[in-house]
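Reading through the structure tokens given below for one structure.
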Amino acid sequence: MAHPSEKPQVYRMFIYREVQISFLKSPVKGMDWARWFFQPDCCPSLQDRGANRMDSLSVLIGGKAGDGINEAGMLISRTLNQMGYRVYQYYDYPSLIRGGHNFSLVRAERYPIASHKDSVDILLALNQETVQLHQSRLNKESAIIFDDSQVQAEGMAIPVGRIIKEEAAAPIMRNTCMVGALCRAASIPLEVLEGAVVRHVKKKTELNLRVAGRAYKSAVERFSLERLDQEPMPIITGNEAIGLGLLRSGLGAYVSYPMTPSSSLLHFLANAGPDFGVKVVHPENEIAVVLMALGFAYAGVRSAVGTSGGGFCLMNEGLSLAGQSEIPLTLLVSQRAGPSTGGPTYTAQSDLHFVINAGQGEFVRLVVAPGDAEEAYFWSGLALDLSWRLQIPAFILSDKTLSESAYCFSLSRAGEPPEQPPERWDFQIPYQRYLRTPSGVSPLAFPGQKGAQIKVNSYAHDQSGLTTEDAFELASMQDKRMRKEAALNEALAEQMTVKSMGHLDSPTALICWGSNKGVCQEVGASFGLRVVQPVVLWPFPASQMGAALEGVEDLICVECNSTGQLARLMECQGLEPGRRILKYDGRPFSTEELAARLKEVV
Amino acid sequence: MAHPSEKPQVYRMFIYREVQISFLKSPVKGMDWARWFFQPDCCPSLQDRGANRMDSLSVLIGGKAGDGINEAGMLISRTLNQMGYRVYQYYDYPSLIRGGHNFSLVRAERYPIASHKDSVDILLALNQETVQLHQSRLNKESAIIFDDSQVQAEGMAIPVGRIIKEEAAAPIMRNTCMVGALCRAASIPLEVLEGAVVRHVKKKTELNLRVAGRAYKSAVERFSLERLDQEPMPIITGNEAIGLGLLRSGLGAYVSYPMTPSSSLLHFLANAGPDFGVKVVHPENEIAVVLMALGFAYAGVRSAVGTSGGGFCLMNEGLSLAGQSEIPLTLLVSQRAGPSTGGPTYTAQSDLHFVINAGQGEFVRLVVAPGDAEEAYFWSGLALDLSWRLQIPAFILSDKTLSESAYCFSLSRAGEPPEQPPERWDFQIPYQRYLRTPSGVSPLAFPGQKGAQIKVNSYAHDQSGLTTEDAFELASMQDKRMRKEAALNEALAEQMTVKSMGHLDSPTALICWGSNKGVCQEVGASFGLRVVQPVVLWPFPASQMGAALEGVEDLICVECNSTGQLARLMECQGLEPGRRILKYDGRPFSTEELAARLKEVV
Amino acid sequence: MRSLSAPAKNTWCPGCGNFAILSAIKPALNALEEEGLDLDRVVVVSGIGCHAKIADYLNVNSFYSIHGRVLPVATGIKLANPDLTVIGFAGDGDCYAEGLDHLIFAAKRNVDITLIVHNNRVYGLTTGQYTPTSPYGFKGRSTPGGTVERPLNPLEIVLSSGGSFLGRGYSHGIELLKTLFRQAILHKGFAFLDVLQVCATFYNMYNYYNQRVYELKDHDASSYSAALKKIREWDYNSEAQIALGLFYQRVLPTYEQSFSHLSPLVSPEREEAIRSTLESYI
Amino acid sequence: MRSLSAPAKNTWCPGCGNFAILSAIKPALNALEEEGLDLDRVVVVSGIGCHAKIADYLNVNSFYSIHGRVLPVATGIKLANPDLTVIGFAGDGDCYAEGLDHLIFAAKRNVDITLIVHNNRVYGLTTGQYTPTSPYGFKGRSTPGGTVERPLNPLEIVLSSGGSFLGRGYSHGIELLKTLFRQAILHKGFAFLDVLQVCATFYNMYNYYNQRVYELKDHDASSYSAALKKIREWDYNSEAQIALGLFYQRVLPTYEQSFSHLSPLVSPEREEAIRSTLESYI
Ligand SMILES: Cc1ncc(C[n+]2csc(CCOP(=O)(O)OP(=O)(O)O)c2C)c(N)n1
Ligand SMILES: Cc1ncc(C[n+]2csc(CCOP(=O)(O)OP(=O)(O)O)c2C)c(N)n1
Ligand code: SF4
Ligand code: SF4
Ligand SMILES: [Mg+2]
Ligand SMILES: [Mg+2]
């Protein structure tokens, strides 16, 4: 990674709440908190580590689809987490079920991270392809550990085939073998791995332990990974964090049709939902999805839907219905490489303008784009809550990287989304579903309530919900609905809608959104830059953005799309977005790649 | 109408081609062409006309749905056209089949017009409601003509009930009666009306003639409408003009599911299509519509689809497929009052940003918004042609006002859309559907061609059309597709994508788009303003817009929506859109209303 | 007894068959009210089309939705609150074209709602195009030369999708409609009624139907084969007698039952559950 | 004889039933080629799902479309050029859930195309959720507690929609598949084949099917009632013998025939037609 060590490192307190909280509650006593938060390359211990002594690790495990690569990556993450590290896992796979090349990149550091590195310290190869494809990630100190029944390479050969055979284990347990070998190579005590297996491998636990243990023994120590005095944390994916945030705000129904990279939220809620009393429905298609969700909400149940671009297309008509009928609707749209089917398992940030403008006619909506699991939790909860408070559609705009990567998660860092019950009917007769109010928000009632007739309508309608074509009503109800934008902006003003990170006095700012937060925060800080991330993208947080950019002379937008969608959005607001660093090959930025691209422009 | 006669009237030659053509070919010899083109209020003959002598007319005919109001309006238009007038008809109706209030406003002037007036010279009332609802349109010289069997009013009572009964005519022919009476009241010779009836009333022509004649006789002369020495012109609606433009560019299939205000194009093509060899299909829903159209285009047939906002929502996924697979697609999206079902028979311009940003992922598209029937013809033809030349989606963005209003149409004024055959395969083997070329456009071949394998794909793909997930291919094919934007801009540079009208040296410009062109041109000119209308809205015609706005210090955007969608689009381009005159009650601006609103801000 | 007339002005054409449906549903609901149905728990869902205006004309809770989507909305409402009585009013364009898959899935799931299709065999509100049940050769505004498609038989399709209650009514026959509406609402499961609702303006079939309709008598509605035979007697195209009444009924578990035990946790259980979920992810 | 193998790497799982379909369609097409079929006039249309990858694996014209939309694309292609032989490959999620209405309309219209559904009764590519043909209680990733819906019987639905050619194949039976594919392609009209295609990874039913399948013998495929009986023998849920083969075939006019006389005017007739149309509007 490019290392601009000549630049002075100004450590400053982060201005945003969550960091202060984490600082105060930090489990690491007496730590250098600024360093705890900053990029690795300015931390001497990472630079000057002894040949084998390490306090960070970057591991890649690769194999075929069906080899359980993601699961192995998670097990590695959990093990490293148990060693006191903060981890991040990126999972890369093509759209197929068996064969093809899959890999997980797990990175562990002392401090929270949300990005991967191209370079790896240890390469775990379940097949030959892995060694070939990832040569460029290796440096002279990197170790290759491989299944000697499948792979020929220089490095640490593990008799995976023999172990599996002798233990009569399923071929899928080859991945457990590799994790076992990794632990030995990094000098991670076997008990740590065993603890993780016992906690997280629910099927054939004993056998997995045996297999891991044998591989452990057959490997040798190469690095000595320091054990850190930090508590382990939950490791969850972005989609799991979104699910938890929705549950936190009272989700009662989740309706979804499978579509990568949103499906894992469906799976998570299908499993966890019943414990939370949530009705999870997978209907015939996305049109049914959104209309069912509106049916749920009309009847008083907080519902959400999840999909990706193609499925979202089919929800546009329902979205516009939500706008006209003022029924709350919360949507996860997890972006992937488009247009059309595109690269369905690869990442992109190319649906921002689509989401902001989708659906015919004009209505108020909220679009939030969390940057990591903690933001995903907080903002998903808040999105659901605001959609109910204001009776508007609220989008959680994610992408494959955020949705499917795994992050260390702290509830206290994330913060609890504020809860504010929506205004309810006060039993005044007659109930008017669309009562004109100064805020534009009409009190809610639900069918079954005695004495209220709740009439919602996709047509232009009067206050009672009956269809009208009267010119005055058309305009005045449009005004009523649009008034909610002010109420929304007010609610948002209380939140940190734009985050400022890095070197807050730098006149050069890196602007990013969504899952690019992690890599920009880390690399931007190492370049001595200010890093600004709008979490709310619509309504555009103009004033907080203005504040965040105070004193900035030079802007660089970093995005995973080909036109600079946030940059264009800023242009629309009269902000000069400056240069653009764009990537649209479906892969997220690594720290090294972003640093190299930044070097070209800074 | 507000009449700023204190402002000096600077008549200048219009800069755009179509006007020059029409000037040269003008059938009116020795006419004052500038006046011929400008607003009525600065024409002395209109100001100072003798008590009953007129050379313009504004007529309203009103009744219930099912009374044939639109047809009556058309007959009036055609009759006035035969009198040498240029006419415009606006038709206002709620979403129901019988009952409710419908009315047509027909306006006739010496010079081409594309807007209606609030005030009417003659009110034709088929029912009492018509008299009540339209009182405010009358001045002391206006005449009311009414069916005395249904209406009580001051004015000219016509024994419509008796005539219908005695002639044993169908009740619908009450409308013909009213037109007969109108003609007498305006001193239009009966033969002129009879000519129009013979040409245009195909059912029960004789009976209609008799009925009209009797009503004519029972009425009296009130005004003396001058007969003008101008040839009559075709009178067509915006949708018919769109249909003719598509036919002109080789339309081979039209696929559509009925939806106001696009349906009349389906009906027009279902009737006219067979004569042109066009396959017209009305499938099960809009999803099938867009996919069938792509099937047609893949097999080499130029296809188009038509819908409105809600149906367009359902086409978004197919749109994005067109973007990825590079299959030509032309879409009519005719806007109506939203969100959702909204006011389905009322007008709006609130889907501009939706159309520009619809569909997941990023791809090049063309959006044109014609302002009258002649532009609709030209630009629809060009849209279809460009969509084939560049293999991109092309939108014809209309609205209820343009789609369903009737305009005088001149083929020579409209101009013929340029035709340029798309690049075809040169029989080089192997055929590669997605050959990377400097322009981004790959040569076309169609299934059935010997030796070519035409593989199109919604996934990211290589040049031959096979699926790929390779990072390089993803990015480079995205680049290939995006390169077409330059080719598109080049093709558009040859066209008048922005029209400048009115007082071209005025530092104040009225900006408008779509069907507001007519009213803005007329009223803007009467205010001494420059009037600028971008016909192409995406890619935004920045340089022509810049040229059109040279010397402008003050801008006023006139739009039928609640947020100023063109104004926002200009903001995105760094143009300061200035003040906004917005209307979103579903009704188009009349000349008087726009003048009054303009007075508030100028 | 509550008046079920809402203040909205009725804008159906004179002679429209929709009036019969409106006139039958009101007494059917009022009769059930007398027997204890809480009208505040009734929800009407409609699509878009002439038929759909019934949402404006009934003085009960209503969700006037979008073209083709009555059934997913109704399903969501019923899943949310199984205590509600959910009645959908759809059009034939609406339900047999735009949203046909939802019909099959509602039948498949046997969700306890009632669906009344105003089958006028034409798109009324968009002024007269053919629909999936228009006969072969129908000359509508999108097919001036006549359609080249044979019609669907909606009852046959719903039967083949697992429907548990299938009937046919006719807008010239309010008494039968009342009976059918009542039976359908009381049926535990998905109740499907195809109503031959005459469009007086675009497809006036009163004479045609009057000559051919008859009420099912001595029909064993529990027999699949008897139902199938009667359902196939007339194919919405050829000349045949047209049976009216209840064709088929059977008892099956309903969809919403499987969800009815679930209701969202509230504080502090919810926070606790989140914490313990997170715990398990360490 | 042309090789029908495209250069794309095959990424189906080992043991996947899709291989059988691929292995059967190639010889079926090659045999027809020998009899005069021009392979350059063959177009394959696929949806999205594991099944759909067949578009990449066949060395013919192809339209790899989007999830659920094989049929409208195929219909458009056939309408555009009736000389083309259009073969659709769809998935069960694709064709029986996302795009079910298109299936019914293709049958209703009897458009002359072939549709082969890879019915593995699971969403393969999205890693194992239930589909409309999964049995009651199926534990998939969206229904870990088991589905609460009964499956659809796609053959019954297509039959009730007017289908003119209905058959069932099984991915463990290439010879039968070859025969069926051939018959389907040769059939003039909409040919529908439900292929029990085993998903080795998410729903391995080889054993189950092997014990129950049998080939139709002495079956009168021209008889609606014989077809219905055989189609209803197994409902994709309960225990029963599973018939394979051609269930039903009949001859009906095809949809595209009604359009085939039309082809766009060219200059100068076109300009002339526009002028005379305009003339009539004066
Ligand atoms: C997505 C969508 N497509 C098209 C329309 C236009 N539309 C409104 S009503 C209607 C026809 C309704 O026909 P039907 O369902 O038979 O109802 P009817 O008017 O005959 O009662 C259509 C096509 C729409 N509102 N939404
Ligand atoms: C509109 C849309 N929704 C969802 C998806 C995601 N998706 C891709 S493949 C698939 C399942 C395919 O299942 P099936 O059709 O049975 O095919 P199989 O993989 O089993 O062959 C889904 C839901 C999509 N591509 N498009
Ligand atoms: S158009 Fe037909 S269905 Fe609609 S209200 Fe009139 S008669 Fe009834
Ligand atoms: S997941 Fe199933 S259907 Fe898909 S390739 Fe693998 S075995 Fe075949
Ligand atoms: Mg209808
Ligand atoms: Mg499947």
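Ordered as shown in the structure tokens, chains take letters A, B, and onward, while each chain numbers its residues from 1 and ligands are numbered from 1 in the order shown.
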- Can you list, as number ranges by chain, every protein, DNA or RNA residue that comes within 6 Å of range 226-242 of chain D when you count only C-alpha atoms, leaving out same-chain residues fewer than 3 positions away? D: 135, 153, 212-213, 223, 247-248
Check which residues fall inside 6 Å of ligand 4 when counting only C-alpha atoms and all ligand atoms, and print them as an mmCIF file with C-alpha atoms, in the first residue's frame.
```cif
data_model
loop_
_atom_site.group_PDB
_atom_site.id
_atom_site.type_symbol
_atom_site.label_atom_id
_atom_site.label_comp_id
_atom_site.auth_asym_id
_atom_site.auth_seq_id
_atom_site.Cartn_x
_atom_site.Cartn_y
_atom_site.Cartn_z
ATOM 1 C CA ILE A 97 -23.440 -23.079 -7.237
ATOM 2 C CA TRP D 12 -23.579 -26.479 -13.489
ATOM 3 C CA CYS D 13 -22.990 -28.657 -10.423
ATOM 4 C CA CYS D 16 -27.223 -31.592 -12.161
ATOM 5 C CA ASN D 18 -29.588 -29.660 -16.565
ATOM 6 C CA CYS D 50 -29.294 -22.219 -13.375
ATOM 7 C CA GLY D 124 -31.251 -23.192 -7.722
ATOM 8 C CA LEU D 125 -29.212 -20.144 -8.542
ATOM 9 C CA CYS D 199 -31.158 -30.203 -8.625
ATOM 10 C CA ALA D 200 -28.358 -32.287 -7.197
ATOM 11 C CA THR D 201 -27.400 -29.620 -4.708
ATOM 12 C CA PHE D 202 -30.605 -28.288 -3.218
#
```
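Residue nearest chain A within the list D:Gly17, D:Gly145, D:Gly245, D:Gly173: D:Gly145 [criterion: smallest interatomic distance, only C-alpha atoms].
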- Message: At a cut-off of 9 Å around ligand 2, and using only C-alpha atoms and all ligand atoms, what residues come up? Please write them as an MDAnalysis selection string.
- Response: (chainID A and resid 257:260 263 285:286 307:314 340:341 344) or (chainID B and resid 317) or (chainID D and resid 18 47:53 66:68 90:98 117:131 197 199)
- Note on the structure: Separating CA of Thr75 in chain C from CA of Ile185 in chain C, to the nearest tenth of an Å, is a gap of 14.7 Å
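Near chain A, within 6 Å and using only C-alpha atoms, the residues of chain C are Asp40, Arg41, Asp56, Val60, Asn61, Ser62, Phe63, Tyr64, Ser65, Pro72, Val73, Gly76, Ile77, Ala80, Leu262, Ser263, Pro264, Leu265, Leu278, Tyr281 and Ile282 of chain C.
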Give me a file of those residues, with N, CA, C and O atoms, as a PDB file, in the first residue's frame.
```
ATOM      1  N   ASP C  40     -66.892  -2.765  11.116  1.00  0.00           N
ATOM      2  CA  ASP C  40     -65.619  -2.053  11.229  1.00  0.00           C
ATOM      3  C   ASP C  40     -64.428  -2.966  10.960  1.00  0.00           C
ATOM      4  O   ASP C  40     -63.300  -2.511  10.851  1.00  0.00           O
ATOM      5  N   ARG C  41     -64.712  -4.254  10.913  1.00  0.00           N
ATOM      6  CA  ARG C  41     -63.633  -5.190  10.604  1.00  0.00           C
ATOM      7  C   ARG C  41     -63.678  -5.676   9.168  1.00  0.00           C
ATOM      8  O   ARG C  41     -62.987  -6.624   8.804  1.00  0.00           O
ATOM      9  N   ASP C  56     -65.187   3.380  -3.415  1.00  0.00           N
ATOM     10  CA  ASP C  56     -65.690   4.706  -3.054  1.00  0.00           C
ATOM     11  C   ASP C  56     -67.156   4.669  -2.630  1.00  0.00           C
ATOM     12  O   ASP C  56     -67.642   5.597  -1.989  1.00  0.00           O
ATOM     13  N   VAL C  60     -67.301   1.391   4.129  1.00  0.00           N
ATOM     14  CA  VAL C  60     -66.478   0.537   4.994  1.00  0.00           C
ATOM     15  C   VAL C  60     -65.013   0.861   4.715  1.00  0.00           C
ATOM     16  O   VAL C  60     -64.686   1.583   3.770  1.00  0.00           O
ATOM     17  N   ASN C  61     -64.150   0.286   5.526  1.00  0.00           N
ATOM     18  CA  ASN C  61     -62.720   0.417   5.276  1.00  0.00           C
ATOM     19  C   ASN C  61     -62.421  -0.015   3.843  1.00  0.00           C
ATOM     20  O   ASN C  61     -62.979  -1.009   3.357  1.00  0.00           O
ATOM     21  N   SER C  62     -61.524   0.707   3.194  1.00  0.00           N
ATOM     22  CA  SER C  62     -61.215   0.280   1.833  1.00  0.00           C
ATOM     23  C   SER C  62     -59.793   0.627   1.451  1.00  0.00           C
ATOM     24  O   SER C  62     -59.197   1.576   1.964  1.00  0.00           O
ATOM     25  N   PHE C  63     -59.280  -0.180   0.568  1.00  0.00           N
ATOM     26  CA  PHE C  63     -57.958   0.029  -0.015  1.00  0.00           C
ATOM     27  C   PHE C  63     -58.175   0.007  -1.526  1.00  0.00           C
ATOM     28  O   PHE C  63     -58.339  -1.048  -2.115  1.00  0.00           O
ATOM     29  N   TYR C  64     -58.230   1.196  -2.089  1.00  0.00           N
ATOM     30  CA  TYR C  64     -58.445   1.359  -3.533  1.00  0.00           C
ATOM     31  C   TYR C  64     -57.044   1.300  -4.136  1.00  0.00           C
ATOM     32  O   TYR C  64     -56.306   2.278  -4.104  1.00  0.00           O
ATOM     33  N   SER C  65     -56.694   0.127  -4.644  1.00  0.00           N
ATOM     34  CA  SER C  65     -55.278  -0.075  -4.965  1.00  0.00           C
ATOM     35  C   SER C  65     -54.982   0.221  -6.423  1.00  0.00           C
ATOM     36  O   SER C  65     -55.509   1.197  -6.967  1.00  0.00           O
ATOM     37  N   PRO C  72     -52.659  -9.397  -3.894  1.00  0.00           N
ATOM     38  CA  PRO C  72     -51.561  -9.264  -2.933  1.00  0.00           C
ATOM     39  C   PRO C  72     -51.883  -8.283  -1.812  1.00  0.00           C
ATOM     40  O   PRO C  72     -51.492  -8.523  -0.656  1.00  0.00           O
ATOM     41  N   VAL C  73     -52.583  -7.217  -2.126  1.00  0.00           N
ATOM     42  CA  VAL C  73     -52.960  -6.276  -1.064  1.00  0.00           C
ATOM     43  C   VAL C  73     -53.865  -6.983  -0.060  1.00  0.00           C
ATOM     44  O   VAL C  73     -53.640  -6.935   1.160  1.00  0.00           O
ATOM     45  N   GLY C  76     -51.940  -9.397   2.099  1.00  0.00           N
ATOM     46  CA  GLY C  76     -51.167  -8.721   3.138  1.00  0.00           C
ATOM     47  C   GLY C  76     -52.044  -8.299   4.305  1.00  0.00           C
ATOM     48  O   GLY C  76     -51.679  -8.474   5.471  1.00  0.00           O
ATOM     49  N   ILE C  77     -53.207  -7.772   3.984  1.00  0.00           N
ATOM     50  CA  ILE C  77     -54.110  -7.311   5.048  1.00  0.00           C
ATOM     51  C   ILE C  77     -54.561  -8.487   5.906  1.00  0.00           C
ATOM     52  O   ILE C  77     -54.552  -8.429   7.140  1.00  0.00           O
ATOM     53  N   ALA C  80     -51.824  -9.730   8.072  1.00  0.00           N
ATOM     54  CA  ALA C  80     -51.541  -8.800   9.158  1.00  0.00           C
ATOM     55  C   ALA C  80     -52.535  -8.971  10.283  1.00  0.00           C
ATOM     56  O   ALA C  80     -52.184  -8.946  11.458  1.00  0.00           O
ATOM     57  N   LEU C 262     -48.026 -15.259  15.312  1.00  0.00           N
ATOM     58  CA  LEU C 262     -46.892 -14.339  15.404  1.00  0.00           C
ATOM     59  C   LEU C 262     -47.340 -12.899  15.615  1.00  0.00           C
ATOM     60  O   LEU C 262     -48.204 -12.393  14.916  1.00  0.00           O
ATOM     61  N   SER C 263     -46.758 -12.243  16.624  1.00  0.00           N
ATOM     62  CA  SER C 263     -46.923 -10.791  16.666  1.00  0.00           C
ATOM     63  C   SER C 263     -45.665 -10.199  17.275  1.00  0.00           C
ATOM     64  O   SER C 263     -45.026 -10.794  18.147  1.00  0.00           O
ATOM     65  N   PRO C 264     -45.271  -9.054  16.769  1.00  0.00           N
ATOM     66  CA  PRO C 264     -43.935  -8.523  17.065  1.00  0.00           C
ATOM     67  C   PRO C 264     -43.691  -8.352  18.564  1.00  0.00           C
ATOM     68  O   PRO C 264     -44.570  -7.901  19.301  1.00  0.00           O
ATOM     69  N   LEU C 265     -42.512  -8.697  18.979  1.00  0.00           N
ATOM     70  CA  LEU C 265     -42.084  -8.440  20.359  1.00  0.00           C
ATOM     71  C   LEU C 265     -42.105  -6.946  20.624  1.00  0.00           C
ATOM     72  O   LEU C 265     -41.890  -6.144  19.724  1.00  0.00           O
ATOM     73  N   LEU C 278     -27.267 -11.053  19.021  1.00  0.00           N
ATOM     74  CA  LEU C 278     -25.905 -10.572  18.795  1.00  0.00           C
ATOM     75  C   LEU C 278     -24.894 -11.426  19.549  1.00  0.00           C
ATOM     76  O   LEU C 278     -23.827 -11.771  19.026  1.00  0.00           O
ATOM     77  N   TYR C 281     -23.585 -14.208  17.830  1.00  0.00           N
ATOM     78  CA  TYR C 281     -22.711 -13.933  16.684  1.00  0.00           C
ATOM     79  C   TYR C 281     -21.267 -13.623  17.105  1.00  0.00           C
ATOM     80  O   TYR C 281     -20.453 -13.236  16.283  1.00  0.00           O
ATOM     81  N   ILE C 282     -20.993 -13.751  18.405  1.00  0.00           N
ATOM     82  CA  ILE C 282     -19.616 -13.483  18.851  1.00  0.00           C
ATOM     83  C   ILE C 282     -18.755 -14.710  18.580  1.00  0.00           C
ATOM     84  O   ILE C 282     -19.132 -15.822  18.921  1.00  0.00           O
TER      85      ILE C 282
END
```
- Query: What separation in Å, quoted to one decimal, exists between CA of Ile163 in chain B and CA of Arg137 in chain B?
  - Reply: 28.3 Å
